>>> print(open('my_file09.pdb').read())   # PDB, C-alpha atoms
ATOM      1  CA  MET A   1       0.000   0.000   0.000
ATOM      2  CA  LEU A   2       2.766   2.359   0.941
ATOM      3  CA  SER A   3       4.387   2.027  -2.446
ATOM      4  CA  LEU A   4       1.191   3.246  -3.997
ATOM      5  CA  TRP A   5       1.418   6.519  -2.140
ATOM      6  CA  ARG A   6       4.961   7.026  -3.261
ATOM      7  CA  SER A   7       4.312   6.144  -6.832
ATOM      8  CA  PRO A   8       3.671   8.605  -9.641
ATOM      9  CA  LEU A   9       0.037   7.486  -9.358
ATOM     10  CA  PHE A  10      -0.260   9.367  -6.087
ATOM     11  CA  ASP A  11      -1.907  12.393  -7.624
ATOM     12  CA  ALA A  12      -4.403  10.420  -9.584
ATOM     13  CA  THR A  13      -5.218   8.272  -6.596
ATOM     14  CA  THR A  14      -5.804  11.101  -4.198
ATOM     15  CA  SER A  15      -7.958  12.954  -6.664
ATOM     16  CA  ALA A  16      -9.985   9.795  -7.081
ATOM     17  CA  ILE A  17     -10.472   9.748  -3.325
ATOM     18  CA  SER A  18     -11.416  13.376  -3.132
ATOM     19  CA  LEU A  19     -13.932  12.840  -5.880
ATOM     20  CA  LEU A  20     -15.713  10.405  -3.619
ATOM     21  CA  ARG A  21     -15.934  13.009  -0.890
ATOM     22  CA  ALA A  22     -17.811  15.413  -3.069
ATOM     23  CA  LEU A  23     -21.462  16.149  -2.569
ATOM     24  CA  ASP A  24     -21.871  14.115   0.567
ATOM     25  CA  ASP A  25     -24.299  16.425   2.302
ATOM     26  CA  GLU A  26     -27.361  14.276   1.732
ATOM     27  CA  SER A  27     -27.949  11.320   3.971
ATOM     28  CA  ALA A  28     -27.546   7.926   2.370
ATOM     29  CA  GLY A  29     -30.785   6.313   1.342
ATOM     30  CA  ALA A  30     -29.693   2.688   1.421
ATOM     31  CA  GLY A  31     -31.427   0.579   4.013
ATOM     32  CA  LEU A  32     -34.554   2.674   4.183
ATOM     33  CA  GLY A  33     -37.678   0.720   4.899
ATOM     34  CA  GLU A  34     -41.299   1.683   4.906
ATOM     35  CA  VAL A  35     -44.620   0.092   5.602
ATOM     36  CA  SER A  36     -47.845   1.197   4.018
ATOM     37  CA  GLU A  37     -51.354  -0.012   4.685
ATOM     38  CA  SER A  38     -54.345  -0.396   2.455
ATOM     39  CA  GLU A  39     -57.738  -1.802   3.281
ATOM     40  CA  SER A  40     -56.728  -5.321   2.299
ATOM     41  CA  ALA A  41     -52.971  -5.515   2.924
ATOM     42  CA  TYR A  42     -49.817  -4.103   4.402
ATOM     43  CA  THR A  43     -46.876  -3.523   2.083
ATOM     44  CA  LEU A  44     -43.326  -3.613   3.388
ATOM     45  CA  ARG A  45     -40.616  -2.089   1.219
ATOM     46  CA  ILE A  46     -36.955  -2.231   2.167
ATOM     47  CA  GLU A  47     -33.822  -1.400   0.232
ATOM     48  CA  VAL A  48     -31.246  -4.170   0.286
ATOM     49  CA  PRO A  49     -28.827  -3.403  -2.556
ATOM     50  CA  GLY A  50     -26.406  -6.185  -3.355
ATOM     51  CA  LEU A  51     -28.472  -8.932  -1.759
ATOM     52  CA  LYS A  52     -29.865 -11.854  -3.692
ATOM     53  CA  ALA A  53     -33.022 -13.729  -2.790
ATOM     54  CA  ASP A  54     -30.918 -16.488  -1.239
ATOM     55  CA  ASP A  55     -29.358 -13.981   1.164
ATOM     56  CA  LEU A  56     -32.721 -13.161   2.733
ATOM     57  CA  GLU A  57     -35.154 -15.023   4.954
ATOM     58  CA  LEU A  58     -38.666 -13.990   5.667
ATOM     59  CA  ASP A  59     -40.766 -15.538   8.430
ATOM     60  CA  VAL A  60     -44.387 -14.595   8.760
ATOM     61  CA  THR A  61     -46.925 -15.440  11.423
ATOM     62  CA  GLU A  62     -50.452 -14.167  11.863
ATOM     63  CA  SER A  63     -49.196 -11.015  13.533
ATOM     64  CA  THR A  64     -45.456 -10.694  12.900
ATOM     65  CA  VAL A  65     -42.975 -10.491  10.083
ATOM     66  CA  LYS A  66     -39.318 -11.187  10.583
ATOM     67  CA  LEU A  67     -36.763 -10.375   7.917
ATOM     68  CA  SER A  68     -33.186 -11.573   8.272
ATOM     69  CA  GLY A  69     -30.262 -11.521   5.944
ATOM     70  CA  GLU A  70     -26.682 -10.583   5.498
ATOM     71  CA  ARG A  71     -24.851  -8.376   3.101
ATOM     72  CA  LYS A  72     -21.161  -8.998   2.573
ATOM     73  CA  VAL A  73     -19.235  -6.363   0.701
ATOM     74  CA  SER A  74     -15.958  -7.779  -0.527
ATOM     75  CA  VAL A  75     -13.044  -6.223  -2.343
ATOM     76  CA  PRO A  76     -13.093  -7.235  -6.023
ATOM     77  CA  GLU A  77     -10.297  -9.649  -6.855
ATOM     78  CA  GLY A  78      -7.139  -7.962  -8.022
ATOM     79  CA  PHE A  79      -8.154  -4.570  -6.646
ATOM     80  CA  GLU A  80      -7.073  -2.504  -3.661
ATOM     81  CA  PRO A  81      -9.687  -0.575  -1.724
ATOM     82  CA  LEU A  82      -9.056   3.181  -1.763
ATOM     83  CA  ARG A  83     -12.263   4.267  -0.124
ATOM     84  CA  THR A  84     -15.187   2.231   1.150
ATOM     85  CA  GLU A  85     -18.564   3.568   2.157
ATOM     86  CA  ARG A  86     -20.705   0.530   1.397
ATOM     87  CA  ARG A  87     -20.953  -1.540   4.537
ATOM     88  CA  SER A  88     -21.434  -5.191   5.223
ATOM     89  CA  TYR A  89     -24.350  -5.627   7.561
ATOM     90  CA  ARG A  90     -26.915  -8.014   8.914
ATOM     91  CA  VAL A  91     -30.548  -7.300   8.400
ATOM     92  CA  SER A  92     -32.700  -8.328  11.307
ATOM     93  CA  ARG A  93     -36.047  -6.653  11.520
ATOM     94  CA  SER A  94     -39.218  -7.768  13.192
ATOM     95  CA  LEU A  95     -42.505  -6.062  12.727
ATOM     96  CA  ARG A  96     -45.690  -6.666  14.652
ATOM     97  CA  PHE A  97     -48.970  -5.745  13.056
ATOM     98  CA  GLY A  98     -52.125  -4.646  14.771
ATOM     99  CA  LYS A  99     -54.341  -6.605  12.434
ATOM    100  CA  LYS A 100     -54.155 -10.305  11.699
ATOM    101  CA  LEU A 101     -52.297 -11.361   8.595
ATOM    102  CA  ASP A 102     -52.939 -14.166   6.182
ATOM    103  CA  PRO A 103     -49.503 -15.877   6.177
ATOM    104  CA  ASP A 104     -50.437 -18.093   3.212
ATOM    105  CA  GLY A 105     -51.197 -15.112   1.052
ATOM    106  CA  VAL A 106     -47.895 -13.308   1.581
ATOM    107  CA  GLU A 107     -45.914 -12.450  -1.528
ATOM    108  CA  ALA A 108     -42.314 -11.250  -1.612
ATOM    109  CA  LYS A 109     -40.448  -9.849  -4.574
ATOM    110  CA  LEU A 110     -36.817  -8.771  -4.816
ATOM    111  CA  GLU A 111     -36.095  -6.434  -7.693
ATOM    112  CA  ASP A 112     -33.189  -4.054  -8.314
ATOM    113  CA  GLY A 113     -32.115  -4.238  -4.684
ATOM    114  CA  VAL A 114     -35.553  -3.544  -3.243
ATOM    115  CA  LEU A 115     -37.558  -6.126  -1.345
ATOM    116  CA  THR A 116     -41.315  -5.658  -1.495
ATOM    117  CA  VAL A 117     -43.502  -7.832   0.708
ATOM    118  CA  THR A 118     -47.255  -7.813   0.383
ATOM    119  CA  LEU A 119     -48.974  -9.021   3.530
ATOM    120  CA  PRO A 120     -52.701  -9.539   3.055
ATOM    121  CA  LYS A 121     -54.826  -9.043   6.113
ATOM    122  CA  SER A 122     -56.786 -12.092   7.143
ATOM    123  CA  ASP A 123     -60.427 -12.016   6.168
ATOM    124  CA  ALA A 124     -61.397 -11.637   9.792
ATOM    125  CA  ALA A 125     -59.245  -8.515  10.134
ATOM    126  CA  ARG A 126     -60.641  -6.662   7.137
ATOM    127  CA  ALA A 127     -63.178  -3.982   7.716
ATOM    128  CA  ARG A 128     -66.459  -4.910   6.151
ATOM    129  CA  ARG A 129     -69.379  -2.765   5.339
ATOM    130  CA  VAL A 130     -72.471  -4.320   6.680
ATOM    131  CA  ALA A 131     -75.713  -3.889   4.871
ATOM    132  CA  ILE A 132     -78.436  -2.604   7.099
ATOM    133  CA  ASN A 133     -81.704  -4.253   6.544
ATOM    134  CA  GLY A 134     -84.715  -2.088   6.860
TER     135      GLY A 134
ATOM    136  CA  MET B   1     -39.294  12.973  -4.130
ATOM    137  CA  TYR B   2     -35.913  13.345  -2.472
ATOM    138  CA  THR B   3     -32.482  12.996  -3.993
ATOM    139  CA  TYR B   4     -30.039  10.766  -2.174
ATOM    140  CA  THR B   5     -26.288  10.386  -2.427
ATOM    141  CA  PRO B   6     -25.520   6.741  -3.092
ATOM    142  CA  ASP B   7     -22.889   5.045  -0.947
ATOM    143  CA  ALA B   8     -19.869   4.316  -3.103
ATOM    144  CA  ASP B   9     -16.682   2.267  -2.920
ATOM    145  CA  LEU B  10     -13.534   3.019  -4.852
ATOM    146  CA  TYR B  11     -11.035   0.353  -5.788
ATOM    147  CA  ALA B  12      -7.886   0.463  -7.879
ATOM    148  CA  SER B  13      -5.648  -1.939  -9.721
ATOM    149  CA  ASP B  14      -2.815  -1.389 -12.152
ATOM    150  CA  GLU B  15      -5.279  -1.518 -15.029
ATOM    151  CA  ALA B  16      -8.364   0.253 -13.770
ATOM    152  CA  PHE B  17     -10.399   1.929 -11.085
ATOM    153  CA  LEU B  18     -13.733   0.519  -9.988
ATOM    154  CA  ILE B  19     -16.525   2.554  -8.464
ATOM    155  CA  THR B  20     -19.410   0.589  -6.978
ATOM    156  CA  LEU B  21     -22.572   2.407  -5.953
ATOM    157  CA  ASP B  22     -25.724   1.320  -4.148
ATOM    158  CA  VAL B  23     -28.646   2.548  -6.233
ATOM    159  CA  PRO B  24     -31.591   0.388  -5.188
ATOM    160  CA  GLY B  25     -34.980   0.769  -6.803
ATOM    161  CA  VAL B  26     -33.957   1.894 -10.274
ATOM    162  CA  LYS B  27     -33.805   0.038 -13.575
ATOM    163  CA  GLU B  28     -30.951   0.150 -16.079
ATOM    164  CA  SER B  29     -33.033   2.388 -18.322
ATOM    165  CA  GLU B  30     -33.291   4.930 -15.500
ATOM    166  CA  ILE B  31     -29.545   5.129 -14.923
ATOM    167  CA  ASP B  32     -27.735   7.953 -16.639
ATOM    168  CA  VAL B  33     -23.967   8.232 -16.480
ATOM    169  CA  THR B  34     -22.333  11.116 -18.298
ATOM    170  CA  VAL B  35     -18.705  12.138 -18.624
ATOM    171  CA  GLU B  36     -17.811  15.703 -19.374
ATOM    172  CA  GLY B  37     -14.150  16.570 -19.221
ATOM    173  CA  GLN B  38     -12.930  15.064 -15.950
ATOM    174  CA  ALA B  39     -16.383  15.023 -14.344
ATOM    175  CA  LEU B  40     -18.476  11.895 -14.199
ATOM    176  CA  THR B  41     -22.089  12.406 -13.190
ATOM    177  CA  LEU B  42     -24.516   9.725 -12.095
ATOM    178  CA  ARG B  43     -28.241  10.378 -12.138
ATOM    179  CA  ALA B  44     -30.643   7.536 -11.505
ATOM    180  CA  GLY B  45     -34.372   7.185 -11.079
ATOM    181  CA  GLY B  46     -37.000   9.819 -10.692
ATOM    182  CA  GLY B  47     -38.088   9.912 -14.332
ATOM    183  CA  GLU B  48     -37.004  12.133 -17.203
ATOM    184  CA  ASP B  49     -37.959  15.538 -15.939
ATOM    185  CA  ALA B  50     -38.088  14.973 -12.224
ATOM    186  CA  THR B  51     -35.370  15.304  -9.624
ATOM    187  CA  PRO B  52     -33.248  12.155  -9.692
ATOM    188  CA  ARG B  53     -33.614   9.684  -6.861
ATOM    189  CA  TRP B  54     -29.843   9.189  -6.823
ATOM    190  CA  PHE B  55     -27.239  11.750  -7.720
ATOM    191  CA  ARG B  56     -23.479  11.839  -7.384
ATOM    192  CA  ARG B  57     -20.663  13.525  -9.210
ATOM    193  CA  PHE B  58     -17.064  12.384  -9.350
ATOM    194  CA  LYS B  59     -13.921  14.100 -10.491
ATOM    195  CA  LEU B  60     -11.961  11.597 -12.488
ATOM    196  CA  PRO B  61      -8.217  11.182 -12.298
ATOM    197  CA  ARG B  62      -6.527  12.425 -15.468
ATOM    198  CA  GLU B  63      -5.260   8.973 -16.306
ATOM    199  CA  VAL B  64      -8.739   7.484 -16.744
ATOM    200  CA  ASP B  65      -9.539   6.461 -20.280
ATOM    201  CA  THR B  66     -12.958   8.112 -20.418
ATOM    202  CA  GLU B  67     -13.709   6.599 -23.831
ATOM    203  CA  HIS B  68     -13.814   3.108 -22.392
ATOM    204  CA  ILE B  69     -15.751   3.341 -19.153
ATOM    205  CA  GLY B  70     -17.885   0.273 -18.572
ATOM    206  CA  ALA B  71     -20.983  -0.038 -16.413
ATOM    207  CA  THR B  72     -22.858  -3.035 -15.029
ATOM    208  CA  HIS B  73     -25.945  -3.095 -12.856
ATOM    209  CA  THR B  74     -26.965  -6.029 -10.672
ATOM    210  CA  ASP B  75     -29.251  -6.287  -7.648
ATOM    211  CA  GLY B  76     -29.390  -2.541  -7.199
ATOM    212  CA  VAL B  77     -25.621  -2.085  -7.361
ATOM    213  CA  LEU B  78     -23.977  -0.143 -10.178
ATOM    214  CA  THR B  79     -20.337  -0.900 -10.978
ATOM    215  CA  LEU B  80     -18.314   1.476 -13.109
ATOM    216  CA  ARG B  81     -15.024   0.284 -14.526
ATOM    217  CA  LEU B  82     -12.644   3.072 -15.405
ATOM    218  CA  PRO B  83      -9.597   1.809 -17.298
ATOM    219  CA  ARG B  84      -6.333   3.637 -16.847
ATOM    220  CA  THR B  85      -4.976   5.075 -20.056
ATOM    221  CA  GLY B  86      -2.177   3.000 -21.481
ATOM    222  CA  ALA B  87      -2.163   0.724 -18.463
ATOM    223  CA  SER B  88      -1.341  -2.962 -18.501
ATOM    224  CA  THR B  89       1.077  -2.725 -21.416
ATOM    225  CA  PRO B  90       4.532  -1.961 -20.084
ATOM    226  CA  ARG B  91       6.430  -0.202 -22.776
ATOM    227  CA  ARG B  92       9.920  -1.211 -23.660
ATOM    228  CA  ILE B  93      12.005   1.676 -24.801
ATOM    229  CA  ALA B  94      14.321   0.871 -27.602
ATOM    230  CA  VAL B  95      17.882   1.859 -26.937
ATOM    231  CA  ASN B  96      19.566   2.990 -30.063
ATOM    232  CA  ALA B  97      23.241   3.004 -30.641
ATOM    233  CA  GLY B  98      24.577   6.526 -30.546
TER     234      GLY B  98
END
>>> encode(input="my_file09.pdb", output="structure tokens")
Amino acid sequence: MLSLWRSPLFDATTSAISLLRALDDESAGAGLGEVSESESAYTLRIEVPGLKADDLELDVTESTVKLSGERKVSVPEGFEPLRTERRSYRVSRSLRFGKKLDPDGVEAKLEDGVLTVTLPKSDAARARRVAING
Amino acid sequence: MYTYTPDADLYASDEAFLITLDVPGVKESEIDVTVEGQALTLRAGGGEDATPRWFRRFKLPREVDTEHIGATHTDGVLTLRLPRTGASTPRRIAVNAG
């Protein structure tokens, strides 16, 4: 590593590092998660860039959802890291819902580093309009 | 719609630099990488006219061969490969008799 700093590449390397420091005033968006609710389902959306479906586990009961997984960021073969912001981490999130879920109806989709889980409410938990007989 | 700065890693070898960026939630067609002079700009997501979801600008080292930058996108991670100009081919200098 030291030889790198003493090499004629020094200038290029440091400018490459400084380029990565530019425009860092916004907070990073990776890892954001959100839950939305409709009449029939909850939708969980979480950003997990770099993870494949096999890296994630999802366990659902009638009232909870547990998401676990691990992201491992490794240095590409043959390369030296100059600056690293992307972190390895474990995902471990449990959510408890106020209304009963239908675990059999849950659907999960991983696309472009975003996991979307649709959690239908159980029939018993859905609000129903009741006809009033006159 | 907010604009976020994607986390990025920078790696180097004798032949190239690599920049990897987390840009979840966007498709290849929504990723726009432009090089102007020594500035590389990434805009991704948010649609044509809207504020991009992801934005980051890099100043490239002078030795980057900007004509041959490669980009791949997998699982929400964008990898840019920036070859060094004239790298990987050590030049032998002919020594002529005086």
>>> atom_distance(input="my_file09.pdb", atom1="atom CA of A:Thr64", atom2="atom CA of A:Leu95")
5.5 Å
>>> closest_atom_pairs(input="my_file09.pdb", of="chain B", to="chain A", cutoff="6 Å", atoms="all atoms listed in the file", output="Markdown table")
| residue | atom | partner | partner_atom | distance |
| --- | --- | --- | --- | --- |
| B:Tyr4 | CA | A:Gly29 | CA | 5.7 |
| B:Thr5 | CA | A:Ala28 | CA | 5.5 |
| B:Pro6 | CA | A:Ala28 | CA | 5.9 |
| B:Asp7 | CA | A:Glu85 | CA | 5.5 |
| B:Ala8 | CA | A:Glu85 | CA | 5.5 |
| B:Asp9 | CA | A:Thr84 | CA | 4.3 |
| B:Leu10 | CA | A:Arg83 | CA | 5.1 |
| B:Tyr11 | CA | A:Pro81 | CA | 4.4 |
| B:Ala12 | CA | A:Phe79 | CA | 5.2 |
| B:Ser13 | CA | A:Phe79 | CA | 4.8 |
| B:Asp22 | CA | A:Pro49 | CA | 5.9 |
| B:Pro24 | CA | A:Gly113 | CA | 4.7 |
| B:Gly25 | CA | A:Asp112 | CA | 5.4 |
| B:Phe58 | CA | A:Leu19 | CA | 4.7 |
| B:Lys59 | CA | A:Leu19 | CA | 4.8 |
| B:Pro61 | CA | A:Ala12 | CA | 4.7 |
| B:Asp75 | CA | A:Asp112 | CA | 4.6 |
| B:Gly76 | CA | A:Gly113 | CA | 4.1 |
| B:Val77 | CA | A:Gly50 | CA | 5.8 |
>>> residues_around(input="my_file09.pdb", residues="A:Lys121", least_positions_apart="5", cutoff="8 Å", atoms="all atoms listed in the file", output="PyMOL selection string")
chain A and resi 40-42+99-102+126
>>> resolve_selection(input="my_file09.pdb", expression="the PyMOL selection byres ((chain A and resi 119) around 10)", output="list of chain:residue names")
A:Glu37, A:Ser40, A:Ala41, A:Tyr42, A:Thr43, A:Leu44, A:Val60, A:Glu62, A:Val65, A:Lys100, A:Leu101, A:Asp102, A:Pro103, A:Asp104, A:Gly105, A:Val106, A:Glu107, A:Ala108, A:Thr116, A:Val117, A:Thr118, A:Pro120, A:Lys121, A:Ser122
>>> resolve_selection(input="my_file09.pdb", expression="the PyMOL selection byres ((chain B and resi 39-45) around 6)", output="list in words")
Val26, Glu30, Ile31, Asp32, Val33, Thr34, Val35, Glu36, Gly37, Gln38, Gly46, Gly47, Pro52, Arg53, Trp54, Phe55, Arg56, Arg57, Phe58, Lys59 and Leu60 of chain B
>>> closest_residue(input="my_file09.pdb", among="B:Ala50, B:Val64, B:Leu82, B:Ala71", to="B:Tyr2", atoms="all atoms listed in the file")
B:Ala50
>>> atom_distance(input="my_file09.pdb", atom1="atom CA of A:Val35", atom2="atom CA of A:Lys66")
13.4 Å
>>> atom_distance(input="my_file09.pdb", atom1="atom CA of A:Gly69", atom2="atom CA of A:Arg90")
5.7 Å
>>> closest_residue(input="my_file09.pdb", among="B:Gly98, B:Arg92, B:Thr74, B:Asp65", to="B:Ala16", atoms="all atoms listed in the file")
B:Asp65
>>> axis_aligned_box(input="my_file09.pdb", around="stretch 120-123 of chain A", padding_each_side="4 Å", output="lines of an AutoDock Vina configuration file")
center_x = -56.6
center_y = -10.6
center_z = 5.1
size_x = 15.7
size_y = 11.0
size_z = 12.1
>>> residues_near_point(input="my_file09.pdb", point="(-34.5, -14.4, 8.9)", cutoff="6 Å", atoms="all atoms listed in the file", output="list in words")
Glu57, Leu58, Leu67, Ser68 and Gly69 of chain A
